[in-house]
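Let me begin by presenting the structure, written as structure tokens, before commenting on it.
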Amino acid sequence: MDTHSPVTQTRPRSPAPSADTAPVDAARTTAVDPRGLSAFLVIAFAFSWTAWWAGGLLLQGGDPMPAVIAGGFGPMVAAVVVTAATQGRAGVGALFRRYSIGRRGALLPYAIALLALLAIAGAAAIPVLLGNTALDQDLLRAALVMVPAQFVLIALAGGGNEELGWRGFALPRLQGVLSPTAANVMLGAIWAVWHAPLFAMAGTLQADMYFPAYALLCVGLTVILGNVFNSARGGVLAPVLAHAAINVVSGLKAVVAGSPAGAVEVALVGLVAVALVVVTRGRLGLPRSGRAG
């Protein structure tokens, strides 16, 4: 008879999954393989430029905004089409989950966006304070009354609708092969060229702008919005709201200063962008792993 106590064998515990082995949430990635990027750009440009060209022909002498709005959906359409083709329904679902608000960087993305708004507002205030521009208070009051409605419209169909494409799809793929700063500068240049047909369409804001200045402004704003996106852990809601606010404040600035994209605005926005690059050491809020977690 064996008088020894039975030996209890215990199975070794599996190590807890590390940050590198845990499942990746595609709705929070901020740097991914660039697959599909070329197709995205072709579809986005083709959709938008065709809509703007056709609108210019059909609306000659009329309000160009219906065509401008329709063409503005090019990046979103391209993102959905390419994602569906390469990743199927699950990929499209993850793409739209980027609109979720849970655990998206708290107030930091909005604080970063506020810097852009202050730069644009400063560009409007400086000429008035220096006495170079007379402030039409009645015109400003009338413009301010329209701000809430304009903000909602722009967020849905006047700029904010672009964000699922530019930030939700394109930026993570550019950041997958380039440094965050280089990726955002490139995306800013692409964004500026994408707007090019609007400079030849009478009645648009771009028709009254100088393209080189506008291109520099696009690059500066893209760096800022890229930091907003990365700080929002891959979420696009914060960039949507930031984009809408930037467009609204830019419109008010045009009312106050009469210049939609002057040298002072370009310089101040560029200064904010450079400061963010310096402060973040070029990371612009992108985690080292490229995953927002």
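Within each chain, counting starts at residue 1; across the structure tokens, chains are named A, B, ... in the order shown, with ligands numbered 1 upward in that order.
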Worksheet item: If you run DSSP on the backbone, which residues of region 71-196 of chain A are alpha helix (DSSP H), as a ChimeraX atom specification?
Response: /A:71,74-96,108-129,137-145,147-157,163-165,171-175,180-194
Item to complete: For region 209-225 of chain A, list every protein, DNA or RNA residue within 9 Å, evaluated using only C-alpha atoms, and leave out those in the same chain fewer than 6 positions away; present the list as an NGL selection string.
Response: :A and (109 or 112-113 or 115-116 or 167 or 180-181 or 183-193 or 196 or 199 or 238-239 or 242-243 or 246 or 259-263 or 265-267 or 269-274 or 276-277 or 284)
Next, dump the selected residues to file, keeping only C-alpha atoms, as a compact mmCIF listing (two decimals), in the first residue's frame.
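Contents of selection-v9.txt, as written:
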```txt
# COMPACT_ATOMS: atom_id res chain seq x y z
CA PRO A 109 -7.90 65.40 -30.18
CA ILE A 112 -5.27 69.84 -30.95
CA ALA A 113 -8.06 70.88 -33.33
CA LEU A 115 -5.09 75.15 -32.16
CA ALA A 116 -6.07 75.23 -35.84
CA ARG A 167 -8.15 59.76 -42.45
CA PRO A 180 3.87 60.12 -39.66
CA THR A 181 5.13 63.54 -40.73
CA ALA A 183 2.61 60.59 -44.57
CA ASN A 184 0.60 63.63 -43.55
CA VAL A 185 2.55 66.02 -45.76
CA MET A 186 1.96 63.71 -48.72
CA LEU A 187 -1.73 63.39 -47.90
CA GLY A 188 -1.97 67.18 -47.65
CA ALA A 189 -0.49 67.55 -51.13
CA ILE A 190 -2.91 64.93 -52.46
CA TRP A 191 -5.81 66.72 -50.78
CA ALA A 192 -4.82 70.03 -52.39
CA VAL A 193 -4.57 68.51 -55.89
CA ALA A 196 -7.91 71.53 -58.16
CA PHE A 199 -10.44 76.55 -58.78
CA ALA A 238 -12.93 63.88 -34.01
CA PRO A 239 -11.48 64.74 -37.46
CA ALA A 242 -12.53 69.37 -36.47
CA HIS A 243 -12.89 69.58 -40.26
CA ILE A 246 -12.25 74.60 -39.47
CA SER A 259 -9.56 86.91 -47.63
CA PRO A 260 -10.35 83.16 -47.61
CA ALA A 261 -6.71 81.97 -47.54
CA GLY A 262 -4.27 84.80 -47.07
CA ALA A 263 -0.60 84.71 -46.19
CA GLU A 265 -3.60 82.33 -42.25
CA VAL A 266 -1.19 80.07 -44.12
CA ALA A 267 1.67 81.17 -41.87
CA VAL A 269 -1.62 77.29 -39.56
CA GLY A 270 1.84 76.26 -40.75
CA LEU A 271 3.32 77.40 -37.45
CA VAL A 272 0.85 75.23 -35.51
CA ALA A 273 1.64 72.25 -37.75
CA VAL A 274 5.40 72.66 -37.29
CA LEU A 276 3.02 69.79 -33.36
CA VAL A 277 5.71 67.99 -35.34
CA LEU A 284 1.96 63.24 -34.45
```
Worksheet item: For Arg103 (chain A), which residue out of A:Val68, A:Leu174, A:Leu205, A:Ala232 is the nearest one, using only C-alpha atoms?
Response: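 Smallest distance to Arg103 (chain A) is found for A:Ala232.
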Fill in: Residue neighbourhood Ala170 (chain A), 12 Å, only C-alpha atoms, exclusion window fewer than 4 positions, as a PyMOL selection string
chain A and resi 29-41+44+75-76+78-80+82-83+95+162-166+174-177+183-184+186-188+190-191+226+229+234+236
Worksheet item: Taking into account only C-alpha atoms, which residue in the set A:Gly122, A:Gly158, A:Gly72, A:Gly61 is nearest to Ala245 (chain A)?
Response: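 Once distances to Ala245 (chain A) are computed over only C-alpha atoms, the minimum belongs to A:Gly158.
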Discussion item. Report, in Å with one decimal, the straight-line distance from CA of Val249 (chain A) to CA of Asp138 (chain A).
Written reply: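 Taking CA of Val249 (chain A) and CA of Asp138 (chain A), their separation equals 17.1 Å.
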